[in-house]
Structures are given as structure tokens and as C-alpha cells.
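S.K.: Supplied in C-alpha cells, the structure appears directly below.
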Number of protein chains: 2
Amino acid sequence: MSAAAAQPPGAPPVQRVLALSGGVGGAKLALGLSRVLEPTALDIVVNTGDDFRHLGLAISPDIDTLLYTLAGLADPLRGWGRRDETWQFMGALERLGGETWFALGDADLALHVQRTHRLGCGETLGEVTATFARQLGIAARIAPMSDDPVRTRVATDEGRLDFQDYFVRRRCAPAVRALAFDGAGGARPSPLLLGLAHEPAPRAVVLCPSNPWLSIDPMLALPGVRAAIAACTAPVVAVSPLVAGRAVKGPTAKLMGELGLPVTHASIASHYAGLIDALIVDAGEPALDAPGAVQVVVAPTLMESLDDRERLARTVLEVADRVLRQRVRDRAAAATEAQQ
Amino acid sequence: MSAAAAQPPGAPPVQRVLALSGGVGGAKLALGLSRVLEPTALDIVVNTGDDFRHLGLAISPDIDTLLYTLAGLADPLRGWGRRDETWQFMGALERLGGETWFALGDADLALHVQRTHRLGCGETLGEVTATFARQLGIAARIAPMSDDPVRTRVATDEGRLDFQDYFVRRRCAPAVRALAFDGAGGARPSPLLLGLAHEPAPRAVVLCPSNPWLSIDPMLALPGVRAAIAACTAPVVAVSPLVAGRAVKGPTAKLMGELGLPVTHASIASHYAGLIDALIVDAGEPALDAPGAVQVVVAPTLMESLDDRERLARTVLEVADRVLRQRVRDRAAAATEAQQ
């Protein structure tokens, strides 16, 4: 019987779920999880490899997407920034001769100005993020993967680019040859990540349907994080970001092709081999030979409505609980066999 | 005959006018001057004692007022900031728990963010200001009184306050005991100020109807500036900021009372004694015993319309030219007398 199922209602403390997330796709699942779990039972560790300084402002695109999504403020169409945004700042900036390739909405600016200010006062990115989440009424915990700067650099056929140069300014046009996460080797991972190596384990570790190479790999590149996940006794469940052979949003499919990988769930499963117990993939894909012990679960992963988000969140938790029950059964069977 | 009158149209180069300005009142006269002079013949040196860092942003309220006023972007009612401003940023900042006592409009933010960014890249305040003026299509030259930080501190009955704490947060409520300009002693004045000691002299030096204690004194506190103005062969004309015994805007009258000064043009004249040749005062004041050689000229100084601004600008130039003609006549008479 899984620990979650054994838990009587009310006490002991609710088992937590840890989600690893990049931007849009990850935030959708995180929102779903936050709605089907106890409000405070969700921890979300967020990629900061996309972070950069622009106009002197400290910008954390994935953290912002999580904050806006969980606060109900996200723009539902663009996939970034705030709903009902206005653009007076950008118009005035253009007139002053400022750089306008990265769009900053008027209300969105408050996040960047205040974060830059608080960081300048000596607060950590984690402290600033926690304050924002609290102010925005978000019950889940949102934490950067590290308080130390890690910067994703993209080696392309046009040379080495900073991530936002590649992603926003060049709209992912250059062909990617390799990725590097500058600073990752010396960055201290979030305690939420390193804590996975120790008990009590969370109910589940969820790799959200974010880009494995751009959004999840920066976290896995932090010292000790792969080992902590591997040592974790909780089920680790990933959701493939591919739907019908394409990424729902962003450059995942294009990037996989440029890295010489088939754009299939098998490539995702291979990438996470040794780390995950289960991979949830969308229906309509060719049969998947997942490597080693990875269990493949077919389920609708496209998250258009809020119901979709909640349904996928429930699926993720069911798969995690099933993995744990199976593990308990396997151990019991092995023990019985050893006794015979 | 004055140098200006002797100048044939077209050549040699137009004689420049140098205006010393604080915020709103000074900017109004500067706008008038910019419209009655050759477009490029006006230099404006602006007080930066009110500058401060807020939310990590470098804010120069008087420079901004000059930029917006001369670019036709100033809000005509509030007296600060931009016309047609929106406030999405402030609303979002408040929700994040940020400081909201200093209002920053969405479009106005572009100036502060871009200035902070360029200063951080190593540009001087003068360079940044010149770029902004050029981008906004302003023909006049707008220069900070110094590229080095000078900060006005207000000693009050509630203790020592930073200027914006006194001016905006406390709305000038505390009673002022004394003023100090931190950093002034070590700041390098604008070359436009120090250059007054050398030929060619401008056609006129204008002390705009700004607060003498808060807006003009910080400039006079810079090393060598008083001496340069005193040595300048150009006429120096001040416009009193008082109209009917009151300041048109801002705390001038309240401040004068707290400093133990009668709220009269005589106090203004005494304050500028030794520096100015003429003081332009509004009608309807008691007869003025100006100290020493200060010529007092009564003229309408309230600037409500654009016509008012231009009319006062013409008056200032006429007074300056008259001072110069008188000076030439006096010298000629003295020379004749010496020959006899």
C-alpha cells in the first residue's frame, strides 16, 4: 500500500509533491496540480537558465510564468506575460532609443523592477520569489532551481548565443548544435532538489511537460541533483512535452531534430533514462520501446482547458501512486521469495 | 550697443542664452525661451539635488520635467510626469508589496529604466540626458548641473530627511530648519556653468523662477560656480518665483517662512545679491528696496498659457539686453569723464 493511500485524513502532515518546471507547459501542469492537491502541498522548482539582465532589470521568465499562471494573471493567448497588459512603457522606450526586442508590459514591469530592487538590497532570488508568491495569494511554494545565476547558452550554426537572444530576438531560427549552462557547476541547488536524497520523500516528483533540454536539463546540471533524484524513494513521473510529434509550444521539436534526435517520445524516455519511473505520453504516437524500467502511460496530455490541466494532474498522481504500490508489491514478493 | 544688437543676421554664430532651472516653474520659462530664441541657442543647466534612487531606479525629477516640457509631453495639470499617463505599473507594484509613495507612470518609467541602464553601462548623466533630448526632438541643450551625485538633505523639526522624503512622501509638512547639499563640495560642475568665467559670454544668464533655496542653491553650492557667475560679463537676470506673496507651485513661501525670511521679492533679491544684475518681479507687490546694484523690473510673471511663457521669455531677454546697453553706456561715460 502506498504511503499516500495509508494516510488517514487530517494527520500526519499531507505528503508533498515536487514539480520541476520550465515555462508555459510546465506552469499549466503545475496549476493543475495546485488545484487537485491540498493548496499548500505543492512545491515547484523552476528553471532559471533562461534568466537574464535586460535594460539592467533582472528577468526570470519561467518564474514569472509560474507566478502569473498560479495567480490567475497569465495571458491565456500569448503564453507569456500578464492578461489585460498595456504597452505604454515600450512605446516610450522606443521613442527614447531603447532596446525593444524584448517586450515588457506595463504591469509586468513591476515584477522586474521590484525583483531587481530587492536583489540589489541583498535578498536572494528565492526570497524575492517567495514574497511575490505570497503577495499574489499563491499557496504553492515556487522556488528557483538555484539562487546562484545559471545562464543557458546556445551553440548554433550562427555562433554562441545567450538564451534570450536565441529564443526571443532570433525566434529560435538558428540551428542548435549544443547547449551549455554557464554557472551550473558552481551553483547551489535549491534545498527542495537536494532534499530528495533524504527522507521524508515526497509523494511524487514530477518532471513537467517542459522542454527536457532547455528547461529540465539546467536543473539536472546542478551539482548533486541527478544523484538526489536517483536516490529519491518517491516515484518520479515525467510528462512528455510532445503531442502528435510536435511541441505544443516552443522549439522542442525543432531543437530535437537539430540535435539529431527523432522527434518521438522514445527520445524523451531515453533522455530521462535512469531518472524516471514513468513517462506519460499523449495518445496517437507509435508504440514506444522505453528504455529499462520506464513505465509508459498513454493519456491525453494536451492542456487546453482548466479541466485538462486538472485531469492530467490527477493522471500524474495516479501513475505515481501506482508506481509506488507496484514497488511495495515487488518488494513484498521478493521478501516472500527470499523466505521460501 | 549690446553684442546681441550688433550681431548681423546669419553670422557670426548666434549668442547663446544660459538658463539655470529647477522643475516646473523653471521649465515653463525655459520653454518660453526655447520658443523665442533660435532653436539651438538655449542651454539649460538643471538642478540634480532632487535626484534619488527609488526601487533601484535613477530618478532625476527636474531633468525629466525639462525633457517632458520641452518635448511637449508634460502633463499640463499635475506639473510633473507625462500627459496621458497610465498607471498599470503602480497597481501591479502595490499588489507585489512594493513602495508606492512615489508615483511612476507607465510611460515615464521608460526614462528611469533606460537612464539607470545607461548609467550602469558607464555613461554620464549628461550623456544620457543629451541622448534623451535628441531622441525627443529637443533642440535646446539640457544638462545636469553636474554628472556627480549631489543630494539635497532637509533638516526639519522631525529630523534630517532626504529631499524626496520631505517633498513627496511628507508633502513638505515638516518645518525646514536648514538645507544641505551632500556631495556638492566634491562635485564637478557642468562646463556650461564654469565656462561663464570665460569669453565668449552668453547673451544672458537666466535664473529661472525656481525655488532659490531648493533648486538654484544646489548649483551655486558647486565649487567655482558663484565665482564663475560673478566673473561673467553677461547680464544675469533672475525671475522671482513669488506671485502675490505666494509660490505658484511648491513649497517656496512655506520654506521662506520657516527659514525666518519675509515672503517678499526683497528676500529673493537679497538672496541673489552679488550675483544678479536684475530681478523680474510680478506686479502687485509692495515697493522693493533691492540691495546694491540689482535692478528691479515689474512684469507679469505668472505663466498660465504658452503666450505667457513666451512673453516672460521676451521680457527676460529685453531686461538682459537693457542691462548690457546700460553697462556699455556707463563705461563710455566713465571713459569720457576720465579723459576730461
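Chain lettering (A, B, ...) mirrors the order of the C-alpha cells, residue numbering begins at 1 for each chain separately, and ligand numbering begins at 1 in order of display.
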Residues of chain B were defined as contacting chain A if any atom lay at most 12 Å from it, counting only C-alpha atoms; please report them as a PyMOL selection string.

M.R.: chain B and resi 53-58+67-68+71+73+82-100+104-121+128-138

S.K.: Hey, could you lay chain A over chain B with a least-squares C-alpha fit (all atoms, paired in order) and save it as a CSV table (one decimal) with C-alpha atoms, in the first residue's frame?

M.R.:
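File written: out-v9.csv
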```csv
chain,number,residue,atom,x,y,z
A,1,MET,CA,25.3,99.0,-28.1
A,2,SER,CA,24.8,95.4,-26.9
A,3,ALA,CA,26.6,92.6,-28.5
A,4,ALA,CA,23.2,91.0,-29.5
A,5,ALA,CA,22.0,94.2,-31.2
A,6,ALA,CA,25.3,94.6,-33.0
A,7,GLN,CA,25.0,91.1,-34.5
A,8,PRO,CA,24.0,91.1,-38.2
A,9,PRO,CA,21.5,88.4,-39.1
A,10,GLY,CA,23.1,85.0,-40.0
A,11,ALA,CA,26.7,85.5,-38.9
A,12,PRO,CA,28.6,85.4,-36.6
A,13,PRO,CA,27.1,82.5,-34.6
A,14,VAL,CA,24.0,83.3,-32.6
A,15,GLN,CA,24.8,84.3,-29.0
A,16,ARG,CA,23.6,81.6,-26.6
A,17,VAL,CA,21.4,82.1,-23.5
A,18,LEU,CA,22.1,80.0,-20.4
A,19,ALA,CA,19.2,79.2,-18.1
A,20,LEU,CA,19.5,77.7,-14.6
A,21,SER,CA,16.4,75.8,-13.8
A,22,GLY,CA,14.7,73.6,-11.2
A,23,GLY,CA,11.5,71.8,-12.1
A,24,VAL,CA,8.1,73.1,-13.1
A,25,GLY,CA,8.4,77.0,-12.9
A,26,GLY,CA,11.8,76.9,-14.4
A,27,ALA,CA,10.8,74.5,-17.2
A,28,LYS,CA,7.9,76.9,-18.2
A,29,LEU,CA,10.3,79.8,-18.7
A,30,ALA,CA,12.8,77.5,-20.4
A,31,LEU,CA,10.0,76.5,-22.8
A,32,GLY,CA,9.3,80.2,-23.5
A,33,LEU,CA,13.0,80.9,-24.1
A,34,SER,CA,13.3,77.9,-26.4
A,35,ARG,CA,10.4,79.4,-28.5
A,36,VAL,CA,11.6,83.0,-28.7
A,37,LEU,CA,15.3,82.2,-29.4
A,38,GLU,CA,16.9,80.4,-32.2
A,39,PRO,CA,16.0,76.8,-31.5
A,40,THR,CA,19.6,75.7,-30.7
A,41,ALA,CA,20.6,78.9,-28.9
A,42,LEU,CA,19.4,77.8,-25.5
A,43,ASP,CA,21.4,75.9,-22.8
A,44,ILE,CA,19.6,74.8,-19.7
A,45,VAL,CA,21.5,73.7,-16.7
A,46,VAL,CA,19.3,71.8,-14.4
A,47,ASN,CA,19.3,71.1,-10.6
A,48,THR,CA,20.0,67.5,-9.7
A,49,GLY,CA,19.9,67.9,-5.9
A,50,ASP,CA,16.4,66.4,-6.1
A,51,ASP,CA,17.7,63.3,-7.8
A,52,PHE,CA,17.4,60.0,-6.0
A,53,ARG,CA,17.4,56.2,-6.3
A,54,HIS,CA,13.9,54.7,-5.9
A,55,LEU,CA,13.3,51.0,-6.4
A,56,GLY,CA,16.9,50.9,-7.7
A,57,LEU,CA,16.0,53.4,-10.5
A,58,ALA,CA,17.9,56.6,-11.0
A,59,ILE,CA,15.3,59.4,-11.0
A,60,SER,CA,16.1,63.0,-11.9
A,61,PRO,CA,12.8,64.8,-11.4
A,62,ASP,CA,13.9,68.2,-12.6
A,63,ILE,CA,15.7,66.9,-15.7
A,64,ASP,CA,12.6,64.9,-16.5
A,65,THR,CA,10.4,67.9,-16.1
A,66,LEU,CA,12.6,69.8,-18.5
A,67,LEU,CA,12.6,67.0,-21.1
A,68,TYR,CA,8.9,66.5,-21.0
A,69,THR,CA,8.1,70.2,-21.0
A,70,LEU,CA,10.4,71.0,-24.0
A,71,ALA,CA,9.2,67.9,-25.8
A,72,GLY,CA,5.6,68.8,-25.4
A,73,LEU,CA,4.9,65.7,-23.3
A,74,ALA,CA,4.4,67.2,-19.9
A,75,ASP,CA,1.2,66.8,-18.0
A,76,PRO,CA,-0.4,70.2,-18.1
A,77,LEU,CA,-2.3,69.8,-14.8
A,78,ARG,CA,-0.2,67.8,-12.4
A,79,GLY,CA,3.0,69.7,-13.0
A,80,TRP,CA,5.1,66.6,-13.1
A,81,GLY,CA,5.2,63.5,-15.3
A,82,ARG,CA,3.8,62.9,-18.8
A,83,ARG,CA,0.4,63.8,-20.2
A,84,ASP,CA,-2.0,60.9,-21.0
A,85,GLU,CA,-0.1,58.7,-18.5
A,86,THR,CA,-1.3,55.3,-17.3
A,87,TRP,CA,-0.6,53.6,-14.0
A,88,GLN,CA,-0.6,49.8,-14.6
A,89,PHE,CA,2.9,49.5,-13.1
A,90,MET,CA,1.9,51.2,-9.9
A,91,GLY,CA,-1.1,48.9,-9.4
A,92,ALA,CA,1.0,45.8,-10.0
A,93,LEU,CA,3.7,47.1,-7.8
A,94,GLU,CA,1.3,47.6,-5.0
A,95,ARG,CA,0.0,44.1,-5.3
A,96,LEU,CA,3.6,42.8,-5.1
A,97,GLY,CA,4.1,44.7,-1.8
A,98,GLY,CA,6.4,47.4,-3.4
A,99,GLU,CA,6.8,51.0,-2.2
A,100,THR,CA,4.1,53.1,-3.8
A,101,TRP,CA,4.6,56.6,-2.2
A,102,PHE,CA,6.4,57.8,-5.3
A,103,ALA,CA,4.2,57.6,-8.4
A,104,LEU,CA,5.9,56.3,-11.6
A,105,GLY,CA,3.7,56.3,-14.7
A,106,ASP,CA,4.0,53.5,-17.3
A,107,ALA,CA,5.5,55.7,-20.0
A,108,ASP,CA,7.5,57.7,-17.5
A,109,LEU,CA,9.2,54.5,-16.4
A,110,ALA,CA,11.0,54.2,-19.7
A,111,LEU,CA,13.0,57.3,-18.9
A,112,HIS,CA,14.0,55.9,-15.5
A,113,VAL,CA,14.7,52.4,-16.6
A,114,GLN,CA,16.8,53.5,-19.6
A,115,ARG,CA,18.7,56.1,-17.6
A,116,THR,CA,19.5,53.6,-14.9
A,117,HIS,CA,20.6,51.1,-17.6
A,118,ARG,CA,22.8,53.6,-19.4
A,119,LEU,CA,24.4,54.9,-16.2
A,120,GLY,CA,25.1,51.3,-15.3
A,121,CYS,CA,26.8,50.9,-18.6
A,122,GLY,CA,29.2,53.8,-17.7
A,123,GLU,CA,27.6,56.7,-19.4
A,124,THR,CA,27.4,60.0,-17.6
A,125,LEU,CA,24.1,61.7,-16.6
A,126,GLY,CA,25.0,64.4,-19.0
A,127,GLU,CA,25.4,61.9,-21.9
A,128,VAL,CA,22.2,60.1,-21.1
A,129,THR,CA,20.3,63.4,-20.8
A,130,ALA,CA,21.7,64.6,-24.1
A,131,THR,CA,20.6,61.4,-25.8
A,132,PHE,CA,17.1,61.7,-24.4
A,133,ALA,CA,16.8,65.3,-25.5
A,134,ARG,CA,17.9,64.4,-29.0
A,135,GLN,CA,15.6,61.4,-29.2
A,136,LEU,CA,12.7,63.6,-28.0
A,137,GLY,CA,13.5,66.2,-30.7
A,138,ILE,CA,14.5,68.9,-28.3
A,139,ALA,CA,16.8,71.5,-30.0
A,140,ALA,CA,17.9,73.2,-26.7
A,141,ARG,CA,20.7,71.7,-24.7
A,142,ILE,CA,19.6,70.3,-21.4
A,143,ALA,CA,22.5,69.5,-19.0
A,144,PRO,CA,22.6,68.3,-15.4
A,145,MET,CA,24.4,70.8,-13.1
A,146,SER,CA,26.9,68.0,-12.5
A,147,ASP,CA,27.5,64.4,-13.5
A,148,ASP,CA,28.4,63.7,-9.9
A,149,PRO,CA,25.7,63.0,-7.4
A,150,VAL,CA,24.6,65.9,-5.2
A,151,ARG,CA,21.8,65.2,-2.8
A,152,THR,CA,19.7,67.8,-1.1
A,153,ARG,CA,19.0,67.0,2.6
A,154,VAL,CA,16.4,68.8,4.6
A,155,ALA,CA,17.0,69.4,8.3
A,156,THR,CA,13.4,69.6,9.7
A,157,ASP,CA,11.7,69.7,13.1
A,158,GLU,CA,11.3,66.0,12.6
A,159,GLY,CA,14.9,65.3,11.8
A,160,ARG,CA,17.0,65.2,8.7
A,161,LEU,CA,15.2,64.0,5.6
A,162,ASP,CA,16.2,63.0,2.1
A,163,PHE,CA,14.7,65.5,-0.3
A,164,GLN,CA,12.0,63.3,-1.8
A,165,ASP,CA,11.1,62.0,1.6
A,166,TYR,CA,10.4,65.6,2.6
A,167,PHE,CA,8.9,66.7,-0.7
A,168,VAL,CA,6.8,63.8,-1.9
A,169,ARG,CA,6.4,61.3,1.0
A,170,ARG,CA,5.8,64.0,3.6
A,171,ARG,CA,4.4,66.6,1.2
A,172,CYS,CA,6.6,69.3,2.6
A,173,ALA,CA,4.8,69.1,6.0
A,174,PRO,CA,7.8,69.1,8.3
A,175,ALA,CA,9.1,72.6,9.1
A,176,VAL,CA,12.5,73.3,7.5
A,177,ARG,CA,15.4,74.4,9.7
A,178,ALA,CA,18.2,74.2,7.2
A,179,LEU,CA,19.3,72.7,3.8
A,180,ALA,CA,22.4,70.9,2.9
A,181,PHE,CA,23.6,69.6,-0.5
A,182,ASP,CA,25.5,66.4,0.2
A,183,GLY,CA,28.3,65.9,-2.3
A,184,ALA,CA,28.2,69.4,-3.7
A,185,GLY,CA,31.7,70.3,-2.4
A,186,GLY,CA,33.3,67.5,-4.4
A,187,ALA,CA,31.1,67.5,-7.5
A,188,ARG,CA,32.4,68.8,-10.8
A,189,PRO,CA,30.0,71.5,-12.1
A,190,SER,CA,28.8,71.4,-15.7
A,191,PRO,CA,31.2,73.1,-18.1
A,192,LEU,CA,28.3,75.3,-19.0
A,193,LEU,CA,28.5,76.8,-15.5
A,194,LEU,CA,32.2,77.0,-15.2
A,195,GLY,CA,32.5,78.4,-18.7
A,196,LEU,CA,30.7,81.5,-17.6
A,197,ALA,CA,34.0,82.8,-16.2
A,198,HIS,CA,35.4,82.9,-19.8
A,199,GLU,CA,34.7,84.6,-23.0
A,200,PRO,CA,32.7,84.4,-25.2
A,201,ALA,CA,30.0,85.2,-22.6
A,202,PRO,CA,26.4,84.2,-23.4
A,203,ARG,CA,23.8,86.9,-24.3
A,204,ALA,CA,22.3,86.4,-20.8
A,205,VAL,CA,22.3,84.1,-17.8
A,206,VAL,CA,18.8,83.5,-16.5
A,207,LEU,CA,17.9,82.3,-13.1
A,208,CYS,CA,14.5,80.8,-13.8
A,209,PRO,CA,11.6,81.3,-11.4
A,210,SER,CA,12.5,78.1,-9.5
A,211,ASN,CA,12.9,77.9,-5.7
A,212,PRO,CA,16.1,79.8,-4.9
A,213,TRP,CA,16.9,77.6,-1.9
A,214,LEU,CA,15.9,74.2,-3.2
A,215,SER,CA,16.6,74.5,-6.9
A,216,ILE,CA,19.1,77.2,-7.6
A,217,ASP,CA,21.3,77.0,-4.4
A,218,PRO,CA,22.4,73.4,-5.2
A,219,MET,CA,24.0,74.8,-8.4
A,220,LEU,CA,25.5,77.7,-6.5
A,221,ALA,CA,27.0,75.3,-4.0
A,222,LEU,CA,29.1,73.6,-6.6
A,223,PRO,CA,32.8,74.6,-6.5
A,224,GLY,CA,33.5,77.7,-8.6
A,225,VAL,CA,30.0,78.3,-9.8
A,226,ARG,CA,29.3,81.5,-7.8
A,227,ALA,CA,32.7,82.8,-8.8
A,228,ALA,CA,32.1,82.0,-12.5
A,229,ILE,CA,28.7,83.7,-12.5
A,230,ALA,CA,30.2,86.7,-10.7
A,231,ALA,CA,33.0,86.9,-13.2
A,232,CYS,CA,30.7,86.5,-16.2
A,233,THR,CA,30.4,89.6,-18.4
A,234,ALA,CA,26.9,88.6,-19.5
A,235,PRO,CA,23.9,90.2,-17.8
A,236,VAL,CA,22.5,87.9,-15.1
A,237,VAL,CA,18.7,88.1,-14.8
A,238,ALA,CA,16.6,86.3,-12.2
A,239,VAL,CA,12.8,85.9,-12.2
A,240,SER,CA,11.2,85.8,-8.7
A,241,PRO,CA,9.1,82.6,-8.2
A,242,LEU,CA,6.7,84.6,-6.0
A,243,VAL,CA,3.4,85.9,-7.3
A,244,ALA,CA,1.2,87.9,-5.0
A,245,GLY,CA,3.2,86.8,-2.0
A,246,ARG,CA,2.9,83.1,-2.8
A,247,ALA,CA,4.8,80.5,-4.7
A,248,VAL,CA,2.8,79.5,-7.8
A,249,LYS,CA,3.7,75.9,-7.1
A,250,GLY,CA,5.8,74.1,-4.5
A,251,PRO,CA,6.9,75.0,-1.0
A,252,THR,CA,8.8,78.3,-1.6
A,253,ALA,CA,6.7,80.5,0.5
A,254,LYS,CA,6.3,78.0,3.4
A,255,LEU,CA,10.0,77.3,3.3
A,256,MET,CA,10.9,81.0,3.4
A,257,GLY,CA,8.7,81.5,6.4
A,258,GLU,CA,10.4,78.5,8.2
A,259,LEU,CA,13.8,79.9,7.4
A,260,GLY,CA,12.8,83.2,9.0
A,261,LEU,CA,12.6,85.2,5.8
A,262,PRO,CA,9.8,87.6,4.8
A,263,VAL,CA,7.9,86.1,1.9
A,264,THR,CA,8.8,89.1,-0.4
A,265,HIS,CA,10.7,89.8,-3.5
A,266,ALA,CA,13.2,91.7,-1.3
A,267,SER,CA,14.2,88.3,0.3
A,268,ILE,CA,14.7,86.9,-3.2
A,269,ALA,CA,16.8,89.9,-4.2
A,270,SER,CA,18.9,89.7,-1.0
A,271,HIS,CA,19.4,86.0,-1.6
A,272,TYR,CA,20.8,86.6,-5.1
A,273,ALA,CA,22.7,89.8,-4.1
A,274,GLY,CA,26.2,90.0,-5.7
A,275,LEU,CA,25.1,87.5,-8.4
A,276,ILE,CA,22.4,89.1,-10.4
A,277,ASP,CA,22.0,92.3,-12.3
A,278,ALA,CA,18.2,92.4,-12.5
A,279,LEU,CA,15.3,90.7,-10.8
A,280,ILE,CA,12.0,90.5,-12.5
A,281,VAL,CA,9.1,90.5,-10.1
A,282,ASP,CA,5.4,90.2,-10.5
A,283,ALA,CA,3.2,93.3,-10.2
A,284,GLY,CA,1.1,93.9,-7.1
A,285,GLU,CA,3.9,93.6,-4.6
A,286,PRO,CA,5.0,96.4,-2.2
A,287,ALA,CA,7.7,98.6,-3.5
A,288,LEU,CA,11.0,96.8,-3.4
A,289,ASP,CA,14.3,98.1,-1.9
A,290,ALA,CA,16.6,95.8,-3.8
A,291,PRO,CA,20.1,95.6,-2.4
A,292,GLY,CA,23.1,97.2,-4.1
A,293,ALA,CA,23.1,97.3,-7.9
A,294,VAL,CA,20.1,95.0,-8.5
A,295,GLN,CA,17.7,96.5,-11.0
A,296,VAL,CA,14.1,95.5,-10.2
A,297,VAL,CA,11.7,95.1,-13.2
A,298,VAL,CA,8.0,94.7,-12.6
A,299,ALA,CA,6.3,92.5,-15.2
A,300,PRO,CA,3.7,89.7,-15.3
A,301,THR,CA,5.4,86.5,-14.3
A,302,LEU,CA,2.5,84.1,-13.9
A,303,MET,CA,2.8,81.6,-16.8
A,304,GLU,CA,-0.5,80.0,-17.4
A,305,SER,CA,-0.6,80.0,-21.2
A,306,LEU,CA,2.1,79.3,-23.8
A,307,ASP,CA,1.8,83.0,-24.7
A,308,ASP,CA,2.6,83.9,-21.0
A,309,ARG,CA,5.8,81.8,-21.2
A,310,GLU,CA,6.9,83.4,-24.4
A,311,ARG,CA,6.1,86.9,-23.2
A,312,LEU,CA,8.1,86.4,-20.0
A,313,ALA,CA,11.0,85.0,-22.0
A,314,ARG,CA,11.0,88.1,-24.2
A,315,THR,CA,10.9,90.3,-21.1
A,316,VAL,CA,13.9,88.4,-19.6
A,317,LEU,CA,15.9,88.9,-22.8
A,318,GLU,CA,14.9,92.6,-23.1
A,319,VAL,CA,15.9,93.2,-19.5
A,320,ALA,CA,19.2,91.4,-20.1
A,321,ASP,CA,19.9,93.4,-23.3
A,322,ARG,CA,19.0,96.7,-21.5
A,323,VAL,CA,21.4,95.8,-18.6
A,324,LEU,CA,24.1,95.3,-21.2
A,325,ARG,CA,23.4,98.5,-23.1
A,326,GLN,CA,23.4,100.5,-19.8
A,327,ARG,CA,26.7,98.9,-18.9
A,328,VAL,CA,28.2,99.9,-22.2
A,329,ARG,CA,26.9,103.4,-21.8
A,330,ASP,CA,28.2,103.6,-18.2
A,331,ARG,CA,31.6,102.5,-19.4
A,332,ALA,CA,31.6,105.0,-22.2
A,333,ALA,CA,30.6,107.8,-19.9
A,334,ALA,CA,33.3,106.7,-17.4
A,335,ALA,CA,35.9,106.7,-20.2
A,336,THR,CA,34.8,110.1,-21.4
A,337,GLU,CA,35.0,111.5,-17.8
A,338,ALA,CA,38.5,110.0,-17.4
A,339,GLN,CA,39.6,111.7,-20.6
A,340,GLN,CA,38.3,115.1,-19.6
```

S.K.: List every residue of region 205-323 of chain A that DSSP, applied to the backbone of this structure, places in helix (DSSP H, G or I), and write the result as a ChimeraX atom specification.

M.R.: /A:212-220,225-231,252-258,265-271,306-323
